[in-house]
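Enquirer: Below is start_9.pdb; it holds PDB, C-alpha atoms.
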ATOM      1  CA  MET A   1      37.878 -32.290 -88.768
ATOM      2  CA  TYR A   2      38.784 -28.793 -89.968
ATOM      3  CA  HIS A   3      39.182 -25.948 -87.484
ATOM      4  CA  LYS A   4      41.056 -22.661 -87.531
ATOM      5  CA  GLY A   5      42.992 -23.233 -84.325
ATOM      6  CA  PHE A   6      45.391 -25.967 -83.269
ATOM      7  CA  PHE A   7      44.603 -28.753 -80.799
ATOM      8  CA  ILE A   8      47.479 -30.319 -78.822
ATOM      9  CA  SER A   9      47.030 -33.056 -76.220
ATOM     10  CA  PHE A  10      49.537 -34.346 -73.684
ATOM     11  CA  GLU A  11      49.454 -37.979 -72.656
ATOM     12  CA  GLY A  12      51.268 -40.469 -70.453
ATOM     13  CA  ILE A  13      50.936 -42.535 -67.311
ATOM     14  CA  ASP A  14      50.322 -40.874 -63.953
ATOM     15  CA  GLY A  15      53.313 -38.863 -62.799
ATOM     16  CA  CYS A  16      54.949 -38.464 -66.220
ATOM     17  CA  GLY A  17      55.139 -34.660 -65.941
ATOM     18  CA  LYS A  18      52.322 -33.434 -68.191
ATOM     19  CA  SER A  19      51.131 -30.658 -65.913
ATOM     20  CA  SER A  20      54.590 -29.163 -65.405
ATOM     21  CA  ILE A  21      55.293 -29.263 -69.147
ATOM     22  CA  ILE A  22      52.044 -27.428 -69.889
ATOM     23  CA  ALA A  23      52.876 -24.845 -67.226
ATOM     24  CA  TYR A  24      56.270 -24.337 -68.890
ATOM     25  CA  LEU A  25      54.684 -23.921 -72.325
ATOM     26  CA  ASN A  26      52.468 -21.183 -70.941
ATOM     27  CA  THR A  27      55.624 -19.170 -70.279
ATOM     28  CA  LYS A  28      56.759 -19.603 -73.882
ATOM     29  CA  LEU A  29      53.594 -19.337 -75.958
ATOM     30  CA  ASN A  30      51.275 -16.385 -76.451
ATOM     31  CA  THR A  31      48.895 -16.827 -73.521
ATOM     32  CA  ASN A  32      46.328 -14.567 -75.195
ATOM     33  CA  ASN A  33      45.990 -17.182 -77.900
ATOM     34  CA  THR A  34      46.154 -20.373 -75.831
ATOM     35  CA  VAL A  35      43.519 -22.218 -73.836
ATOM     36  CA  ASN A  36      44.371 -24.823 -71.199
ATOM     37  CA  ILE A  37      42.130 -27.684 -70.149
ATOM     38  CA  ARG A  38      42.579 -30.821 -68.095
ATOM     39  CA  GLU A  39      40.711 -34.069 -68.430
ATOM     40  CA  PRO A  40      38.451 -34.873 -66.867
ATOM     41  CA  GLY A  41      37.544 -31.284 -66.119
ATOM     42  CA  GLY A  42      37.490 -27.888 -67.745
ATOM     43  CA  THR A  43      33.832 -27.040 -67.067
ATOM     44  CA  LEU A  44      31.660 -27.058 -63.956
ATOM     45  CA  ILE A  45      29.980 -30.303 -64.983
ATOM     46  CA  SER A  46      33.224 -31.947 -66.059
ATOM     47  CA  GLU A  47      34.953 -30.983 -62.796
ATOM     48  CA  ASP A  48      32.103 -32.525 -60.786
ATOM     49  CA  ILE A  49      32.520 -35.731 -62.792
ATOM     50  CA  ARG A  50      36.279 -35.581 -62.180
ATOM     51  CA  ALA A  51      35.744 -35.475 -58.431
ATOM     52  CA  MET A  52      33.595 -38.584 -58.638
ATOM     53  CA  LEU A  53      36.029 -40.463 -60.875
ATOM     54  CA  LEU A  54      39.126 -39.797 -58.795
ATOM     55  CA  ASP A  55      37.577 -40.172 -55.340
ATOM     56  CA  ASP A  56      39.213 -43.169 -53.671
ATOM     57  CA  LYS A  57      35.941 -44.099 -51.963
ATOM     58  CA  HIS A  58      34.571 -45.290 -55.323
ATOM     59  CA  LYS A  59      36.845 -48.334 -55.497
ATOM     60  CA  ASP A  60      33.943 -50.509 -56.667
ATOM     61  CA  MET A  61      33.273 -48.403 -59.794
ATOM     62  CA  ALA A  62      32.768 -50.683 -62.798
ATOM     63  CA  PRO A  63      35.118 -50.172 -65.774
ATOM     64  CA  GLU A  64      32.111 -49.484 -67.996
ATOM     65  CA  THR A  65      30.845 -46.799 -65.610
ATOM     66  CA  GLU A  66      34.320 -45.281 -65.539
ATOM     67  CA  ALA A  67      34.532 -45.134 -69.331
ATOM     68  CA  LEU A  68      31.097 -43.556 -69.651
ATOM     69  CA  LEU A  69      31.851 -40.915 -67.030
ATOM     70  CA  TYR A  70      35.130 -39.959 -68.731
ATOM     71  CA  ALA A  71      33.275 -39.724 -72.041
ATOM     72  CA  ALA A  72      30.549 -37.560 -70.492
ATOM     73  CA  ALA A  73      33.096 -35.147 -69.017
ATOM     74  CA  ARG A  74      34.881 -34.984 -72.378
ATOM     75  CA  SER A  75      31.670 -34.307 -74.274
ATOM     76  CA  GLN A  76      30.942 -31.300 -72.062
ATOM     77  CA  VAL A  77      34.400 -29.720 -72.312
ATOM     78  CA  VAL A  78      34.522 -30.258 -76.077
ATOM     79  CA  LYS A  79      31.224 -28.464 -76.583
ATOM     80  CA  GLN A  80      31.764 -25.701 -74.027
ATOM     81  CA  VAL A  81      35.462 -24.970 -74.322
ATOM     82  CA  ILE A  82      37.506 -26.780 -76.967
ATOM     83  CA  LYS A  83      35.407 -26.313 -80.094
ATOM     84  CA  PRO A  84      34.664 -22.620 -79.417
ATOM     85  CA  ALA A  85      38.367 -21.965 -78.791
ATOM     86  CA  LEU A  86      39.411 -23.727 -81.996
ATOM     87  CA  ALA A  87      36.760 -21.829 -83.962
ATOM     88  CA  GLN A  88      38.400 -18.614 -82.737
ATOM     89  CA  GLY A  89      41.786 -19.789 -84.023
ATOM     90  CA  LYS A  90      43.273 -20.470 -80.592
ATOM     91  CA  VAL A  91      45.788 -23.122 -79.546
ATOM     92  CA  VAL A  92      44.259 -25.596 -77.099
ATOM     93  CA  LEU A  93      46.609 -27.421 -74.713
ATOM     94  CA  ALA A  94      44.842 -30.438 -73.225
ATOM     95  CA  ASP A  95      46.146 -32.417 -70.278
ATOM     96  CA  ARG A  96      44.741 -35.755 -71.585
ATOM     97  CA  PHE A  97      42.136 -36.502 -74.247
ATOM     98  CA  ILE A  98      40.786 -39.566 -76.088
ATOM     99  CA  ASP A  99      44.078 -41.491 -75.998
ATOM    100  CA  SER A 100      43.779 -41.641 -72.203
ATOM    101  CA  THR A 101      40.501 -43.535 -72.507
ATOM    102  CA  ILE A 102      41.998 -46.011 -74.973
ATOM    103  CA  ALA A 103      45.080 -46.519 -72.798
ATOM    104  CA  TYR A 104      43.416 -46.614 -69.369
ATOM    105  CA  GLN A 105      39.966 -48.082 -69.971
ATOM    106  CA  GLY A 106      40.959 -50.099 -73.048
ATOM    107  CA  TYR A 107      44.418 -51.508 -72.435
ATOM    108  CA  GLY A 108      44.300 -51.000 -68.658
ATOM    109  CA  ARG A 109      40.758 -52.166 -67.864
ATOM    110  CA  GLY A 110      40.351 -54.499 -70.825
ATOM    111  CA  LEU A 111      37.305 -52.848 -72.393
ATOM    112  CA  ASP A 112      36.692 -53.218 -76.121
ATOM    113  CA  LEU A 113      38.892 -50.766 -78.030
ATOM    114  CA  LYS A 114      36.528 -50.356 -80.978
ATOM    115  CA  TYR A 115      33.599 -49.599 -78.684
ATOM    116  CA  LEU A 116      35.620 -46.994 -76.800
ATOM    117  CA  GLN A 117      36.574 -45.304 -80.058
ATOM    118  CA  VAL A 118      32.955 -45.212 -81.229
ATOM    119  CA  LEU A 119      31.829 -43.881 -77.835
ATOM    120  CA  ASN A 120      34.371 -41.097 -77.906
ATOM    121  CA  ASP A 121      33.709 -40.222 -81.542
ATOM    122  CA  PHE A 122      30.083 -39.742 -80.506
ATOM    123  CA  CYS A 123      31.037 -37.573 -77.525
ATOM    124  CA  THR A 124      33.485 -35.383 -79.445
ATOM    125  CA  GLY A 125      31.803 -35.238 -82.839
ATOM    126  CA  GLY A 126      34.928 -36.846 -84.301
ATOM    127  CA  LEU A 127      37.307 -34.220 -82.912
ATOM    128  CA  SER A 128      40.885 -35.430 -82.564
ATOM    129  CA  PRO A 129      44.088 -33.595 -81.546
ATOM    130  CA  ASP A 130      46.246 -32.221 -84.340
ATOM    131  CA  LEU A 131      49.309 -33.187 -82.310
ATOM    132  CA  THR A 132      49.754 -35.429 -79.271
ATOM    133  CA  ILE A 133      52.840 -35.371 -77.071
ATOM    134  CA  LEU A 134      53.335 -38.706 -75.310
ATOM    135  CA  LEU A 135      55.618 -38.331 -72.296
ATOM    136  CA  ASP A 136      56.835 -41.883 -71.950
ATOM    137  CA  LEU A 137      57.992 -43.076 -68.549
ATOM    138  CA  GLU A 138      58.333 -46.469 -66.892
ATOM    139  CA  PRO A 139      55.849 -46.927 -64.020
ATOM    140  CA  GLU A 140      58.626 -47.541 -61.506
ATOM    141  CA  GLN A 141      60.071 -44.113 -62.297
ATOM    142  CA  SER A 142      56.662 -42.471 -62.224
ATOM    143  CA  TYR A 143      55.898 -43.831 -58.763
ATOM    144  CA  GLY A 144      59.266 -42.604 -57.550
ATOM    145  CA  TYR A 145      58.385 -39.057 -58.595
ATOM    146  CA  LYS A 146      55.039 -39.213 -56.772
ATOM    147  CA  LYS A 147      56.392 -40.771 -53.569
ATOM    148  CA  GLY A 148      54.823 -39.223 -50.484
ATOM    149  CA  LEU A 149      51.722 -37.943 -52.311
ATOM    150  CA  ALA A 150      48.310 -39.427 -51.540
ATOM    151  CA  PRO A 151      47.188 -41.410 -54.620
ATOM    152  CA  ASP A 152      43.762 -40.881 -56.176
ATOM    153  CA  ARG A 153      41.531 -43.802 -57.204
ATOM    154  CA  ILE A 154      43.294 -44.390 -60.541
ATOM    155  CA  GLU A 155      46.794 -43.999 -59.129
ATOM    156  CA  SER A 156      45.923 -46.549 -56.443
ATOM    157  CA  GLU A 157      45.625 -49.296 -59.070
ATOM    158  CA  GLY A 158      49.344 -50.048 -58.764
ATOM    159  CA  LEU A 159      52.330 -50.752 -60.985
ATOM    160  CA  GLU A 160      50.913 -53.599 -63.063
ATOM    161  CA  PHE A 161      47.947 -51.478 -64.117
ATOM    162  CA  GLN A 162      50.294 -48.627 -65.065
ATOM    163  CA  ARG A 163      52.378 -51.088 -67.115
ATOM    164  CA  LEU A 164      49.274 -52.073 -69.086
ATOM    165  CA  VAL A 165      48.431 -48.411 -69.625
ATOM    166  CA  ARG A 166      51.950 -47.578 -70.761
ATOM    167  CA  ASN A 167      51.859 -50.464 -73.221
ATOM    168  CA  GLY A 168      48.590 -49.077 -74.556
ATOM    169  CA  TYR A 169      50.178 -45.701 -75.131
ATOM    170  CA  LEU A 170      53.125 -47.293 -76.935
ATOM    171  CA  GLN A 171      50.709 -49.217 -79.168
ATOM    172  CA  LEU A 172      48.858 -45.993 -79.979
ATOM    173  CA  ALA A 173      52.103 -44.162 -80.762
ATOM    174  CA  ALA A 174      53.171 -46.949 -83.100
ATOM    175  CA  SER A 175      49.819 -46.871 -84.898
ATOM    176  CA  GLU A 176      49.713 -43.072 -85.376
ATOM    177  CA  PRO A 177      53.291 -41.809 -85.756
ATOM    178  CA  GLY A 178      52.121 -38.781 -87.708
ATOM    179  CA  ARG A 179      50.067 -37.452 -84.788
ATOM    180  CA  ILE A 180      51.713 -38.874 -81.665
ATOM    181  CA  ILE A 181      55.247 -37.762 -80.789
ATOM    182  CA  LYS A 182      56.853 -39.977 -78.128
ATOM    183  CA  ILE A 183      59.363 -38.276 -75.843
ATOM    184  CA  ASP A 184      61.449 -39.994 -73.166
ATOM    185  CA  ALA A 185      60.232 -38.292 -69.988
ATOM    186  CA  ALA A 186      63.024 -39.848 -67.905
ATOM    187  CA  GLN A 187      65.501 -37.326 -69.323
ATOM    188  CA  GLU A 188      66.469 -34.124 -67.546
ATOM    189  CA  VAL A 189      63.449 -31.840 -67.231
ATOM    190  CA  SER A 190      65.155 -29.081 -69.212
ATOM    191  CA  ILE A 191      65.765 -31.460 -72.113
ATOM    192  CA  VAL A 192      62.171 -32.695 -72.102
ATOM    193  CA  ARG A 193      60.857 -29.133 -72.050
ATOM    194  CA  GLU A 194      62.947 -28.033 -75.013
ATOM    195  CA  LEU A 195      62.032 -31.117 -77.050
ATOM    196  CA  VAL A 196      58.330 -30.508 -76.467
ATOM    197  CA  LEU A 197      58.627 -26.808 -77.275
ATOM    198  CA  LYS A 198      60.558 -27.579 -80.464
ATOM    199  CA  HIS A 199      57.859 -29.959 -81.724
ATOM    200  CA  ILE A 200      55.084 -27.498 -80.941
ATOM    201  CA  GLN A 201      56.803 -24.532 -82.529
ATOM    202  CA  ARG A 202      57.494 -26.639 -85.603
ATOM    203  CA  VAL A 203      53.795 -27.118 -86.243
ATOM    204  CA  VAL A 204      52.134 -23.997 -84.867
ATOM    205  CA  GLY A 205      54.863 -21.376 -84.915
ATOM    206  CA  LYS A 206      55.439 -18.957 -82.034
ATOM    207  CA  TYR A 207      51.832 -18.375 -81.150
TER     208      TYR A 207
END
Would you kindly transcribe this structure into structure tokens?
Expert:
Amino acid sequence: MYHKGFFISFEGIDGCGKSSIIAYLNTKLNTNNTVNIREPGGTLISEDIRAMLLDDKHKDMAPETEALLYAAARSQVVKQVIKPALAQGKVVLADRFIDSTIAYQGYGRGLDLKYLQVLNDFCTGGLSPDLTILLDLEPEQSYGYKKGLAPDRIESEGLEFQRLVRNGYLQLAASEPGRIIKIDAAQEVSIVRELVLKHIQRVVGKY
């Protein structure tokens, strides 16, 4: 789908460092020309859905319900924030997008991958990131970084679930090497930051 701006998503298992990388990029890119969103979230409706999805009291949420709620939150932020920003020629930095649904609800929960893709195509109007940075990290390392923090509902699923999700991400990266750039997130933070910045500047310049 053509748009004037540039759409970059950041993916990976919980605790891989996406948020800190995006915060770093905001010190290097032209903040007047960048828009940051997180998924689920980014609008009033999407943030309300986020609270429901991550609340640990909803442990009995069905995988299908989970997938539909993520898709609903995404639909809202695409229409309200992402598409308008891209139409204005801005760079959108998204903390998660469609690949999260495929990895978490598809590979993690076992839902049908083709159905999830159709569902999300419907919710986004076919919008896909121009570039996706996959911060790859083994679940054991991820949990070490988050030690001492109260887990949300998804994080509470445990190591085996995160292993399934990570495998899903690796499958996605192998299937779309032109869009998804895999970076070893276990390296020194400074190295990871510079690698990410280099890839982004290569495709969008010094916005």
Enquirer: By how many Å are atom CA of Met61 of chain A and atom CA of Pro40 of chain A apart?
Expert: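 If I compute the distance from atom CA of Met61 of chain A to atom CA of Pro40 of chain A, I get 16.1 Å.
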Enquirer: Using the chain letters and numbers from the file, give me the residues hit by the PyMOL selection byres ((chain A and resi 81-91) around 7), as an MDAnalysis selection string.
Expert: chainID A and resid 3:7 33:35 77:80 92:93
Enquirer: On this structure, the PyMOL selection byres ((chain A and resi 181) around 7) would catch which residues? List them as a short mmCIF file (atom, residue, chain, number, x, y, z; two decimals) with C-alpha atoms, in the frame of the given file, sorted by chain and number.
Expert:
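What follows is the written file result-v9.cif:
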data_model
loop_
_atom_site.label_atom_id
_atom_site.label_comp_id
_atom_site.auth_asym_id
_atom_site.auth_seq_id
_atom_site.Cartn_x
_atom_site.Cartn_y
_atom_site.Cartn_z
CA THR A 132 49.75 -35.43 -79.27
CA ILE A 133 52.84 -35.37 -77.07
CA LEU A 134 53.34 -38.71 -75.31
CA PRO A 177 53.29 -41.81 -85.76
CA ARG A 179 50.07 -37.45 -84.79
CA ILE A 180 51.71 -38.87 -81.67
CA LYS A 182 56.85 -39.98 -78.13
CA ILE A 183 59.36 -38.28 -75.84
#
Enquirer: Using all atoms listed in the file, which of A:Leu111, A:Ala62, A:Asp95, A:Asp55 sits nearest Ala23 of chain A?
Expert: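 Answer, going by the shortest atom-to-atom distance: A:Asp95.
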Enquirer: Which residue, A:Thr27, A:Gln171, A:Asn120, A:Ser128, has the smallest gap to Tyr2 of chain A when you use all atoms listed in the file?
Expert: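 For Tyr2 of chain A, the nearest of the candidates is A:Ser128.
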Enquirer: Work out how far apart atom CA of Tyr104 of chain A and atom CA of Val204 of chain A are and give it in Å to one decimal.
Expert: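 Separation of atom CA of Tyr104 of chain A and atom CA of Val204 of chain A: 28.8 Å.
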